>>> print(open('data.cif').read())   # mmCIF, C-alpha atoms
data_start
loop_
_atom_site.label_atom_id
_atom_site.label_comp_id
_atom_site.auth_asym_id
_atom_site.auth_seq_id
_atom_site.Cartn_x
_atom_site.Cartn_y
_atom_site.Cartn_z
CA MET A 277 -38.55 25.58 -72.53
CA SER A 278 -40.96 23.08 -71.01
CA LYS A 279 -41.00 23.09 -67.22
CA LEU A 280 -43.79 20.55 -66.92
CA PRO A 281 -42.96 17.43 -64.89
CA ASN A 282 -42.99 13.88 -66.20
CA LEU A 283 -45.85 11.69 -64.96
CA PHE A 284 -44.98 8.12 -63.97
CA ILE A 285 -48.02 5.84 -63.81
CA PHE A 286 -47.45 2.41 -62.28
CA ASP A 287 -49.66 -0.63 -62.16
CA PHE A 288 -49.49 -2.25 -58.72
CA ASP A 289 -50.06 -6.02 -58.75
CA GLU A 290 -46.93 -7.79 -60.09
CA THR A 291 -45.54 -4.45 -61.26
CA LEU A 292 -44.69 -2.60 -58.09
CA SER A 293 -45.50 -5.68 -56.02
CA VAL A 294 -43.60 -8.92 -56.56
CA ARG A 295 -46.79 -11.00 -56.29
CA ALA A 296 -50.42 -10.20 -56.93
CA SER A 297 -51.96 -8.65 -53.83
CA CYS A 298 -54.72 -11.26 -53.71
CA TYR A 299 -52.28 -14.04 -52.77
CA PRO A 300 -51.31 -12.91 -49.26
CA ILE A 301 -55.00 -12.25 -48.62
CA GLU A 302 -56.12 -15.70 -49.73
CA GLU A 303 -53.27 -17.30 -47.77
CA LEU A 304 -54.85 -16.03 -44.55
CA ALA A 305 -57.58 -18.66 -44.84
CA PRO A 306 -57.22 -21.42 -42.22
CA ASN A 307 -58.99 -23.70 -44.70
CA LYS A 308 -58.34 -22.61 -48.28
CA ASP A 309 -60.79 -25.16 -49.69
CA LYS A 310 -63.63 -23.34 -47.94
CA LEU A 311 -62.84 -20.14 -49.82
CA ASN A 312 -64.64 -21.59 -52.84
CA LEU A 313 -62.02 -20.06 -55.14
CA HIS A 314 -63.12 -22.17 -58.08
CA GLU A 315 -66.66 -20.78 -57.93
CA ILE A 316 -65.49 -17.22 -57.19
CA ASP A 317 -63.07 -17.25 -60.13
CA HIS A 318 -65.72 -18.74 -62.41
CA ASN A 319 -68.11 -15.91 -61.55
CA TYR A 320 -65.37 -13.34 -62.16
CA GLU A 321 -64.33 -14.79 -65.52
CA LYS A 322 -67.76 -15.75 -66.89
CA VAL A 323 -70.33 -13.55 -65.14
CA HIS A 324 -69.34 -10.08 -63.91
CA ARG A 325 -65.59 -9.50 -64.72
CA CYS A 326 -65.30 -7.06 -61.82
CA TRP A 327 -62.20 -7.69 -59.72
CA ASN A 328 -63.53 -5.75 -56.75
CA ARG A 329 -66.54 -8.08 -56.58
CA ARG A 330 -64.23 -11.08 -56.65
CA MET A 331 -62.26 -9.70 -53.71
CA ASN A 332 -65.46 -8.83 -51.81
CA GLU A 333 -66.40 -12.51 -52.04
CA ILE A 334 -62.96 -13.48 -50.77
CA HIS A 335 -63.30 -11.10 -47.82
CA LYS A 336 -66.72 -12.55 -47.02
CA GLN A 337 -65.43 -16.11 -47.07
CA LEU A 338 -62.46 -15.15 -44.89
CA ALA A 339 -64.79 -13.51 -42.36
CA GLU A 340 -66.72 -16.77 -42.09
CA GLN A 341 -63.42 -18.41 -41.11
CA GLY A 342 -62.71 -15.79 -38.46
CA ILE A 343 -60.36 -13.59 -40.54
CA HIS A 344 -61.37 -9.94 -40.31
CA THR A 345 -60.16 -6.46 -41.25
CA LYS A 346 -57.23 -6.25 -38.84
CA GLN A 347 -55.59 -9.38 -40.27
CA LEU A 348 -56.26 -8.22 -43.83
CA ILE A 349 -54.59 -4.86 -43.27
CA GLU A 350 -51.60 -6.59 -41.67
CA ALA A 351 -51.36 -8.73 -44.81
CA PHE A 352 -51.49 -5.61 -47.01
CA ARG A 353 -48.52 -4.21 -45.10
CA THR A 354 -46.37 -7.28 -45.78
CA ILE A 355 -46.66 -7.12 -49.58
CA GLU A 356 -43.16 -7.22 -51.06
CA LEU A 357 -42.22 -4.57 -53.62
CA SER A 358 -40.04 -5.02 -56.69
CA PRO A 359 -36.31 -4.42 -56.07
CA GLY A 360 -35.37 -0.83 -56.81
CA THR A 361 -38.81 0.66 -56.10
CA ARG A 362 -37.62 2.88 -53.25
CA GLU A 363 -34.64 4.22 -55.20
CA LEU A 364 -36.79 4.90 -58.27
CA PHE A 365 -39.46 6.73 -56.28
CA GLU A 366 -36.84 8.82 -54.49
CA ASP A 367 -35.18 9.85 -57.73
CA ILE A 368 -38.46 10.69 -59.43
CA ASN A 369 -39.27 12.88 -56.45
CA ILE A 370 -35.86 14.61 -56.58
CA GLN A 371 -36.53 15.63 -60.17
CA ASN A 372 -40.05 16.84 -59.39
CA GLY A 373 -41.65 13.99 -61.31
CA LYS A 374 -45.15 12.89 -60.33
CA ILE A 375 -46.21 9.36 -59.40
CA VAL A 376 -49.66 7.84 -59.82
CA ILE A 377 -50.56 4.25 -58.92
CA MET A 378 -53.28 2.81 -61.16
CA SER A 379 -54.54 -0.52 -59.88
CA ASN A 380 -57.49 -2.85 -60.24
CA ALA A 381 -56.96 -4.01 -56.64
CA CYS A 382 -58.20 -1.36 -54.22
CA ASP A 383 -56.95 1.91 -52.81
CA LEU A 384 -56.58 0.50 -49.27
CA VAL A 385 -54.24 -2.31 -50.36
CA VAL A 386 -51.93 0.10 -52.19
CA GLU A 387 -52.07 2.72 -49.46
CA GLU A 388 -51.28 0.35 -46.57
CA CYS A 389 -48.48 -1.39 -48.46
CA LEU A 390 -46.75 1.87 -49.38
CA ARG A 391 -47.31 3.41 -45.96
CA ALA A 392 -45.71 0.41 -44.26
CA GLN A 393 -42.58 0.92 -46.39
CA ASN A 394 -42.55 4.72 -46.01
CA LEU A 395 -43.21 5.28 -49.71
CA LEU A 396 -46.71 6.72 -49.64
CA GLU A 397 -45.35 10.26 -49.37
CA TYR A 398 -43.92 9.98 -52.89
CA VAL A 399 -47.27 9.12 -54.48
CA ASP A 400 -49.49 11.91 -55.76
CA LYS A 401 -52.62 9.83 -56.36
CA ILE A 402 -53.92 6.27 -56.17
CA GLU A 403 -56.42 5.51 -58.92
CA SER A 404 -58.10 2.29 -57.82
CA ASN A 405 -61.34 0.72 -56.67
CA PRO A 406 -62.36 2.61 -53.51
CA VAL A 407 -62.96 0.88 -50.20
CA ARG A 408 -66.43 1.86 -48.98
CA GLN A 409 -66.49 -0.09 -45.75
CA VAL A 410 -63.73 -1.30 -43.47
CA ASP A 411 -65.59 -2.94 -40.55
CA PRO A 412 -66.69 -5.58 -39.90
CA ILE A 413 -65.34 -6.67 -43.30
CA ILE A 414 -63.72 -4.74 -46.14
CA VAL A 415 -66.12 -3.86 -48.98
CA ILE A 416 -64.72 -2.49 -52.25
CA ASP A 417 -66.79 -0.42 -54.68
CA GLU A 418 -66.23 -0.17 -58.43
CA TYR A 419 -63.96 2.62 -59.66
CA GLU A 420 -66.31 3.11 -62.60
CA ASN A 421 -69.83 3.99 -61.51
CA PRO A 422 -71.80 3.15 -63.55
CA LEU A 423 -69.73 0.32 -65.00
CA GLN A 424 -67.97 1.15 -68.25
CA THR A 425 -69.06 -0.78 -71.35
CA THR A 426 -67.00 0.77 -74.14
CA CYS A 427 -63.58 -0.79 -73.48
CA LYS A 428 -63.37 -4.54 -74.06
CA LEU A 429 -59.72 -4.78 -73.00
CA CYS A 430 -60.41 -3.69 -69.41
CA ASP A 431 -62.75 -4.93 -66.72
CA PRO A 432 -66.09 -3.10 -66.47
CA ASN A 433 -65.14 -1.70 -63.05
CA LEU A 434 -61.97 0.11 -64.22
CA CYS A 435 -60.62 1.21 -67.62
CA LYS A 436 -56.97 2.22 -67.40
CA GLY A 437 -56.95 3.84 -70.83
CA SER A 438 -59.62 6.32 -69.79
CA ILE A 439 -57.54 7.26 -66.75
CA ILE A 440 -54.53 7.92 -69.00
CA ASP A 441 -56.80 10.16 -71.09
CA GLN A 442 -57.95 12.09 -68.02
CA TYR A 443 -54.38 12.90 -67.02
CA ARG A 444 -53.46 13.78 -70.59
CA ASN A 445 -56.33 16.25 -70.84
CA LYS A 446 -55.14 18.11 -67.76
CA ASN A 447 -52.11 19.35 -69.76
CA LEU A 448 -50.02 19.35 -66.60
CA TYR A 449 -47.31 16.91 -67.70
CA ASP A 450 -44.58 16.88 -70.31
CA ARG A 451 -44.87 13.16 -70.97
CA ILE A 452 -46.41 10.04 -69.46
CA ILE A 453 -44.37 6.96 -68.58
CA PHE A 454 -46.56 3.90 -67.97
CA VAL A 455 -45.31 0.68 -66.39
CA GLY A 456 -47.31 -2.54 -66.29
CA ASP A 457 -47.31 -6.29 -66.70
CA GLY A 458 -50.71 -7.86 -67.43
CA ASP A 459 -53.42 -7.96 -70.08
CA ASN A 460 -55.41 -5.26 -68.26
CA ASP A 461 -52.48 -2.86 -68.85
CA VAL A 462 -52.69 -3.09 -72.64
CA CYS A 463 -55.45 -0.50 -72.95
CA ALA A 464 -53.40 2.11 -71.05
CA ALA A 465 -50.43 1.49 -73.34
CA LEU A 466 -52.55 2.05 -76.44
CA TYR A 467 -53.63 5.47 -75.13
CA LEU A 468 -50.05 6.71 -74.99
CA ARG A 469 -48.65 9.11 -77.57
CA LYS A 470 -45.42 8.81 -79.55
CA THR A 471 -43.46 10.96 -77.12
CA ASP A 472 -44.59 8.91 -74.10
CA CYS A 473 -43.00 5.68 -72.86
CA VAL A 474 -44.43 2.26 -72.10
CA PHE A 475 -42.68 -0.46 -70.10
CA ALA A 476 -43.96 -4.04 -70.15
CA LYS A 477 -42.71 -6.78 -67.84
CA TYR A 478 -40.63 -9.45 -69.56
CA ASP A 479 -38.34 -12.13 -68.15
CA GLU A 480 -37.05 -14.65 -70.66
CA THR A 481 -35.25 -16.62 -67.96
CA SER A 482 -38.44 -17.45 -66.03
CA GLY A 483 -40.31 -19.09 -68.90
CA ARG A 484 -43.42 -17.15 -67.90
CA ILE A 485 -45.42 -15.23 -70.48
CA TYR A 486 -46.40 -11.76 -69.28
CA HIS A 487 -49.54 -10.88 -71.18
CA MET A 488 -48.97 -7.15 -71.58
CA TYR A 489 -45.70 -7.70 -73.44
CA ASP A 490 -47.07 -10.64 -75.42
CA LEU A 491 -50.19 -8.78 -76.57
CA LEU A 492 -48.44 -5.51 -77.40
CA LYS A 493 -45.69 -7.34 -79.26
CA ASN A 494 -47.79 -9.79 -81.22
CA ARG A 495 -51.37 -8.49 -81.45
CA TYR A 496 -51.46 -4.74 -80.95
CA HIS A 497 -48.05 -3.65 -82.24
CA GLU A 498 -49.59 -1.65 -85.10
CA GLN A 499 -51.88 0.29 -82.74
CA LEU A 500 -49.08 1.07 -80.28
CA LYS A 501 -47.88 4.61 -80.95
CA THR A 502 -44.78 4.62 -78.73
CA GLU A 503 -41.82 2.27 -78.53
CA LEU A 504 -42.16 -0.78 -76.28
CA PHE A 505 -39.53 -1.23 -73.56
CA VAL A 506 -39.17 -4.18 -71.23
CA TRP A 507 -38.33 -4.52 -67.55
CA LYS A 508 -37.88 -7.30 -64.99
CA THR A 509 -37.51 -5.28 -61.77
CA MET A 510 -37.81 -1.58 -61.03
CA LYS A 511 -34.01 -1.41 -61.21
CA ASP A 512 -34.32 -1.94 -64.96
CA MET A 513 -36.54 1.10 -65.48
CA THR A 514 -33.94 3.83 -65.57
CA SER A 515 -31.36 1.52 -67.15
CA VAL A 516 -33.55 1.26 -70.25
CA LEU A 517 -34.18 5.00 -70.21
CA THR A 518 -30.45 5.67 -70.02
CA ARG A 519 -29.47 3.39 -72.87
CA ARG A 520 -32.33 3.76 -75.35
CA LEU A 521 -34.40 6.92 -74.99
CA THR A 522 -32.01 9.54 -76.35
CA SER A 523 -34.04 10.09 -79.49
CA HIS A 524 -37.29 10.57 -77.54
CA ILE A 525 -36.12 13.26 -75.14
CA SER A 526 -36.88 16.83 -76.14
CA LEU A 527 -33.89 19.15 -76.51
CA THR A 528 -35.35 21.46 -73.90
CA ASN A 529 -35.51 18.77 -71.26
CA ASN A 530 -32.58 16.47 -71.97
CA ARG A 531 -30.04 18.26 -69.76
CA GLN A 532 -32.23 17.93 -66.68
CA PHE A 533 -33.29 14.40 -67.60
CA PHE A 534 -29.77 13.07 -68.14
CA SER A 535 -28.47 14.86 -65.07
CA TRP A 536 -30.98 12.87 -63.06
CA LEU A 537 -30.06 9.60 -64.76
CA ASN A 538 -26.35 10.19 -64.22
CA ILE A 539 -26.91 10.66 -60.50
CA VAL A 540 -29.05 7.53 -60.29
CA TRP A 541 -26.79 5.15 -62.18
CA ASN A 542 -23.48 6.31 -60.77
CA ARG A 543 -24.68 5.91 -57.21
CA TYR A 544 -22.71 3.21 -55.37
CA ASP A 545 -24.97 0.38 -54.18
CA GLN A 546 -23.24 -1.44 -51.34
CA LYS A 547 -26.13 -3.89 -50.94
CA ARG A 548 -25.91 -4.88 -54.59
CA VAL A 549 -22.14 -5.44 -54.26
CA GLN A 550 -22.74 -7.73 -51.30
CA GLU A 551 -25.41 -9.65 -53.21
CA ILE A 552 -23.51 -10.39 -56.42
CA GLY A 553 -19.88 -9.50 -55.76
CA PRO A 554 -17.77 -6.47 -56.75
CA ASP A 555 -16.90 -7.62 -60.29
CA ARG A 556 -20.45 -8.19 -61.49
CA ALA A 557 -21.69 -5.05 -59.70
CA CYS A 558 -18.98 -3.02 -61.43
CA ALA A 559 -19.93 -4.56 -64.78
CA GLU A 560 -23.60 -3.68 -64.23
CA TRP A 561 -22.62 -0.08 -63.46
CA LEU A 562 -20.51 0.26 -66.63
CA LEU A 563 -23.05 -1.36 -68.92
CA ARG A 564 -26.06 0.57 -67.72
CA CYS A 565 -24.02 3.74 -68.33
CA SER A 566 -23.25 2.62 -71.92
CA GLY A 567 -19.75 1.36 -71.16
CA SER A 568 -18.35 -2.14 -71.73
CA VAL A 569 -16.20 -4.69 -69.94
CA ARG A 570 -14.10 -7.77 -70.54
CA PHE A 571 -13.95 -10.62 -68.09
CA LYS A 572 -10.86 -12.65 -67.33
CA ASN A 573 -10.29 -15.54 -69.75
CA CYS A 574 -12.73 -13.96 -72.23
CA HIS A 575 -11.46 -12.57 -75.53
CA SER A 576 -14.58 -10.57 -76.39
CA ILE A 577 -15.92 -7.34 -74.92
CA THR A 578 -19.32 -7.43 -73.20
CA ALA A 579 -21.47 -4.39 -73.99
CA ASP A 580 -24.96 -5.83 -73.42
CA TYR A 581 -26.37 -5.69 -69.89
CA ASN A 582 -28.18 -8.99 -70.44
CA SER A 583 -25.01 -10.75 -71.61
CA ILE A 584 -23.05 -10.47 -68.38
CA PRO A 585 -21.73 -14.00 -67.72
CA THR A 586 -23.46 -15.99 -65.04
CA GLY A 587 -21.80 -18.18 -62.46
CA ALA A 588 -20.09 -17.90 -59.11
CA SER A 589 -18.76 -14.41 -58.40
CA SER A 590 -15.39 -15.91 -57.56
CA GLN A 591 -15.09 -17.13 -61.15
CA GLN A 592 -16.19 -13.93 -62.90
CA LYS A 593 -13.35 -11.42 -62.62
CA LEU A 594 -13.14 -8.14 -64.52
CA GLU A 595 -9.90 -7.62 -66.41
CA GLU A 596 -10.75 -4.63 -68.58
CA ILE A 597 -13.23 -1.76 -68.49
CA ARG A 598 -14.02 0.62 -71.35
CA ALA A 599 -16.07 3.78 -71.20
CA VAL A 600 -16.40 5.50 -74.56
CA LYS A 601 -18.90 8.37 -74.67
CA ALA A 602 -20.49 6.86 -71.57
CA CYS A 603 -22.49 8.68 -68.88
CA ILE A 604 -20.12 7.67 -66.07
CA THR A 605 -19.04 10.06 -63.34
CA SER A 606 -16.28 9.92 -60.74
CA ASP A 607 -18.80 8.73 -58.16
CA GLY A 608 -19.35 5.50 -60.07
CA PHE A 609 -15.70 4.55 -59.77
CA ALA A 610 -16.42 3.55 -56.18
CA TYR A 611 -17.35 0.23 -57.84
CA LEU A 612 -13.64 -0.45 -58.39
CA LYS A 613 -13.33 -1.29 -54.71
CA GLY A 614 -12.82 -5.02 -54.31
CA LEU A 615 -11.66 -5.73 -57.88
CA THR A 616 -8.62 -8.00 -57.78
CA ASP A 617 -7.84 -8.64 -61.45
CA LEU A 618 -8.45 -5.36 -63.28
CA LYS A 619 -5.55 -4.68 -65.65
CA LYS A 620 -6.80 -2.22 -68.27
CA VAL A 621 -8.92 0.97 -68.22
CA HIS A 622 -9.89 2.97 -71.32
CA LEU A 623 -11.78 6.26 -70.85
CA GLU A 624 -12.71 8.32 -73.90
CA LYS A 625 -15.12 11.20 -74.54
CA CYS A 626 -16.70 10.92 -71.10
CA ASP A 627 -17.52 14.54 -70.34
CA GLN A 628 -18.17 14.01 -66.63
CA VAL A 629 -14.97 12.12 -65.86
CA GLY A 630 -12.71 14.41 -63.85
CA ASP A 631 -9.64 14.36 -61.66
CA GLY A 632 -11.56 12.54 -58.91
CA THR A 633 -11.75 9.54 -61.21
CA ILE A 634 -7.97 9.19 -61.26
CA VAL A 635 -7.89 9.30 -57.47
CA ARG A 636 -10.36 6.40 -57.30
CA LEU A 637 -8.14 4.33 -59.60
CA LYS A 638 -5.82 3.88 -56.62
CA GLN A 639 -8.28 1.19 -55.48
CA VAL A 640 -6.82 -1.07 -58.20
CA LYS A 641 -3.21 0.14 -58.05
CA ASP A 642 -1.88 -3.36 -57.36
CA THR A 643 -3.21 -4.82 -60.63
CA LEU A 644 -3.74 -1.98 -63.11
CA GLU A 645 -1.23 -2.16 -65.98
CA SER A 646 -2.68 0.02 -68.73
CA ILE A 647 -4.74 3.21 -68.85
CA ALA A 648 -5.92 5.39 -71.72
CA LEU A 649 -7.32 8.90 -71.14
CA ILE A 650 -8.65 10.26 -74.43
CA ASP A 651 -10.78 13.36 -75.13
CA LEU A 652 -11.62 14.06 -71.48
CA PRO A 653 -12.22 17.82 -71.06
CA GLN A 654 -12.33 17.81 -67.25
CA ILE A 655 -8.99 16.06 -66.69
CA THR A 656 -6.20 18.43 -65.57
CA GLU A 657 -2.54 18.14 -64.54
CA ASP A 658 -3.67 17.43 -60.97
CA GLY A 659 -5.60 14.36 -62.09
CA VAL A 660 -2.97 12.95 -64.42
CA GLY A 661 -0.35 13.58 -61.75
CA ASN A 662 -2.13 11.05 -59.53
CA LEU A 663 -1.21 8.32 -62.02
CA THR A 664 2.22 8.31 -60.38
CA ASP A 665 0.69 6.39 -57.47
CA LEU A 666 -0.13 3.47 -59.78
CA LYS A 667 3.29 1.84 -59.68
CA ASN A 668 2.32 -1.26 -61.69
CA LEU A 669 1.40 0.71 -64.81
CA LYS A 670 3.17 -0.44 -67.95
CA GLN A 671 1.32 1.70 -70.53
CA ILE A 672 -0.22 5.19 -70.38
CA ASP A 673 -1.95 6.65 -73.43
CA LEU A 674 -2.98 10.32 -73.33
CA ALA A 675 -4.62 12.33 -76.11
CA ARG A 676 -6.66 15.46 -76.64
CA LEU A 677 -6.85 16.59 -73.01
CA PRO A 678 -7.62 20.35 -73.17
CA GLY A 679 -7.28 20.71 -69.40
CA ILE A 680 -3.56 19.85 -69.59
CA ARG A 681 -1.63 23.16 -69.86
CA ASN A 682 1.88 21.89 -69.22
CA ARG A 683 2.12 18.89 -71.51
CA ASP A 684 5.89 18.55 -71.36
CA GLY A 685 5.87 18.81 -67.59
CA ILE A 686 3.32 15.99 -67.27
CA ILE A 687 5.29 13.71 -69.57
CA LYS A 688 8.47 14.39 -67.59
CA LEU A 689 6.69 13.73 -64.28
CA LEU A 690 5.27 10.41 -65.44
CA ASN A 691 8.55 9.24 -66.93
CA ASN A 692 10.44 10.11 -63.76
CA GLU A 693 7.97 8.53 -61.34
CA LEU A 694 7.10 5.49 -63.46
CA PRO A 695 10.36 4.48 -65.16
CA GLU A 696 9.04 1.03 -66.13
CA CYS A 697 5.97 2.52 -67.86
CA THR A 698 5.66 3.62 -71.51
CA VAL A 699 4.06 7.07 -71.69
CA ASN A 700 2.43 7.97 -75.01
CA TYR A 701 0.98 11.49 -75.29
CA ASP A 702 -0.22 11.81 -78.88
CA ASP A 703 -3.15 13.93 -80.01
CA ASN A 704 -3.32 11.85 -83.20
CA TYR A 705 -4.18 8.79 -81.15
CA PRO A 706 -6.99 7.01 -83.09
CA SER A 707 -10.55 7.31 -81.82
CA ALA A 708 -12.18 4.22 -80.39
CA PRO A 709 -14.18 2.05 -82.82
CA GLU A 710 -17.20 2.37 -80.52
CA LEU A 711 -17.58 6.00 -81.60
CA GLN A 712 -18.63 4.85 -85.06
CA GLU A 713 -21.53 2.99 -83.44
CA LYS A 714 -22.78 5.74 -81.07
#
>>> encode(input="data.cif", output="structure tokens")
Amino acid sequence: MSKLPNLFIFDFDETLSVRASCYPIEELAPNKDKLNLHEIDHNYEKVHRCWNRRMNEIHKQLAEQGIHTKQLIEAFRTIELSPGTRELFEDINIQNGKIVIMSNACDLVVEECLRAQNLLEYVDKIESNPVRQVDPIIVIDEYENPLQTTCKLCDPNLCKGSIIDQYRNKNLYDRIIFVGDGDNDVCAALYLRKTDCVFAKYDETSGRIYHMYDLLKNRYHEQLKTELFVWKTMKDMTSVLTRRLTSHISLTNNRQFFSWLNIVWNRYDQKRVQEIGPDRACAEWLLRCSGSVRFKNCHSITADYNSIPTGASSQQKLEEIRAVKACITSDGFAYLKGLTDLKKVHLEKCDQVGDGTIVRLKQVKDTLESIALIDLPQITEDGVGNLTDLKNLKQIDLARLPGIRNRDGIIKLLNNELPECTVNYDDNYPSAPELQEK
């Protein structure tokens, strides 16, 4: 059984950070025209292709305008990170995963940004252009010394593919997960093996073309050895892993891996609920855990995370939730709080759904009319007995519940306490159609 950790390697600019780190630096200039950005960018693109040299020129021009190291470091500390970065780092750390930041910016930018947000402690190594001098102005050396000339996909000062190779040759990691966004991340992706994972930034709603995804999809797809996944924010990372990586996870590691994912994606996010409303937040929880939902006034079931209806939260109300062979746990049912229109719940073959789930259903007792509990090994008489608190129930379907020892007693209890409800306990109850697809 492999006990080696997974290695997560992240690009920094526009991967972990929302914007490229050069922007807040350049915005410090009292007179941006005097930065000579046109000339500096021309030299970078046509002459040397070394990003550290470009930034050294920027620092020099800023110093001539009275902007020095102290202001630069303050700017580094204000760099905004992608939503979900903290939670992802914390969960990787919990599972003993390792984190490396691989950036063509510089080590000081990454270090100060992460330190300011109390995330530096989660990072094992920063692979980036080293800062040689801090005062009176910041001077950045090349990561590659001498400059590399073999890789045409990367800048001469830093080849990300060679760094991937160095970590691979250490034989200290079970698999490598690489996350990037730009054209200088393509090389790293091509160095990955079949059992590794690559995530490229993609956002069809923005209209922007992210070069890593575009190049890997359209130019280098035959050279790419592993499957290409997409992300928009760090919150998407584990969602994709949960829904699509089953076939790539080794049998020796999948229990630990899925245990981690279940904890992550069943964790109640109060901030997210406040941002988008309880109905959409609940839908996101179900869908990232491989469940499905139906919204009020919609006839079809929504099972695709990217197909959740848009619009005002007051107009998007959940009426039905379905979890069939989904990775939900009782903790996730905290998302039922605040739902005002939920009428139907169907739970089937969800091995981690227990009696605590039934208790949480009391949050929707005023609207819930129908519930189905099918093939749930952790449900017992205590859990089903709590259904008696849901006085608006009109239909209860129970089937294949091995934890129920006194079947007749449960049926009698439900019939007595819920006289207006039809109770159907039938082990021949048909399996959900979703099981044919999973």
>>> closest_residue(input="data.cif", among="A:Asn332, A:Ser583, A:Asn460, A:Ser606", to="Ile413 of chain A", atoms="all atoms listed in the file")
A:Asn332
>>> resolve_selection(input="data.cif", expression="the PyMOL selection byres ((chain A and resi 285-289) around 9)", output="number ranges by chain")
A: 283-284, 290-298, 374-381, 386, 440, 452-458, 461
>>> closest_residue(input="data.cif", among="A:Val600, A:Leu504, A:Ile368, A:Met510", to="Pro709 of chain A", atoms="all atoms listed in the file")
A:Val600
>>> residues_around(input="data.cif", residues="segment 485-493 of chain A", least_positions_apart="6", cutoff="10 Å", atoms="all atoms listed in the file", output="NGL selection string")
:A and (456-463 or 465-466 or 475-479 or 499-500 or 504-507)
>>> atom_distance(input="data.cif", atom1="atom CA of Asn328 of chain A", atom2="atom CA of Gln393 of chain A")
24.3 Å
>>> closest_residue(input="data.cif", among="A:His324, A:Lys670, A:Arg564, A:His314", to="Thr578 of chain A", atoms="all atoms listed in the file")
A:Arg564
>>> closest_residue(input="data.cif", among="A:Tyr496, A:Phe365, A:Tyr544, A:Tyr611", to="Arg556 of chain A", atoms="only C-alpha atoms")
A:Tyr611
>>> closest_residue(input="data.cif", among="A:Thr616, A:Thr643, A:Ser568, A:Thr354", to="Glu388 of chain A", atoms="all atoms listed in the file")
A:Thr354
>>> atom_distance(input="data.cif", atom1="atom CA of Ile647 of chain A", atom2="atom CA of Lys613 of chain A")
17.1 Å
>>> atom_distance(input="data.cif", atom1="atom CA of Arg469 of chain A", atom2="atom CA of Leu280 of chain A")
16.4 Å
>>> closest_residue(input="data.cif", among="A:Ser576, A:Gln628, A:Asn445, A:Gln550", to="Asp607 of chain A", atoms="all atoms listed in the file")
A:Gln628
>>> residues_around(input="data.cif", residues="segment 648-659 of chain A", least_positions_apart="3", cutoff="10 Å", atoms="all atoms listed in the file", output="number ranges by chain")
A: 598, 600-601, 620-635, 662-663, 671-683, 685-686, 700-703, 705-708
>>> resolve_selection(input="data.cif", expression="the PyMOL selection byres ((chain A and resi 335) around 9)", output="PyMOL selection string")
chain A and resi 301-302+330-334+336-340+343-345+348+413-415
>>> residues_around(input="data.cif", residues="Leu690 of chain A", least_positions_apart="5", cutoff="8 Å", atoms="only C-alpha atoms", output="list of chain:residue names")
A:Gly661, A:Leu663, A:Thr664, A:Pro695, A:Val699
>>> resolve_selection(input="data.cif", expression="the PyMOL selection byres ((chain A and resi 553) around 10)", output="VMD selection string")
chain A and resid 546 to 552 554 to 558 588 to 590 592 to 593 614 to 615
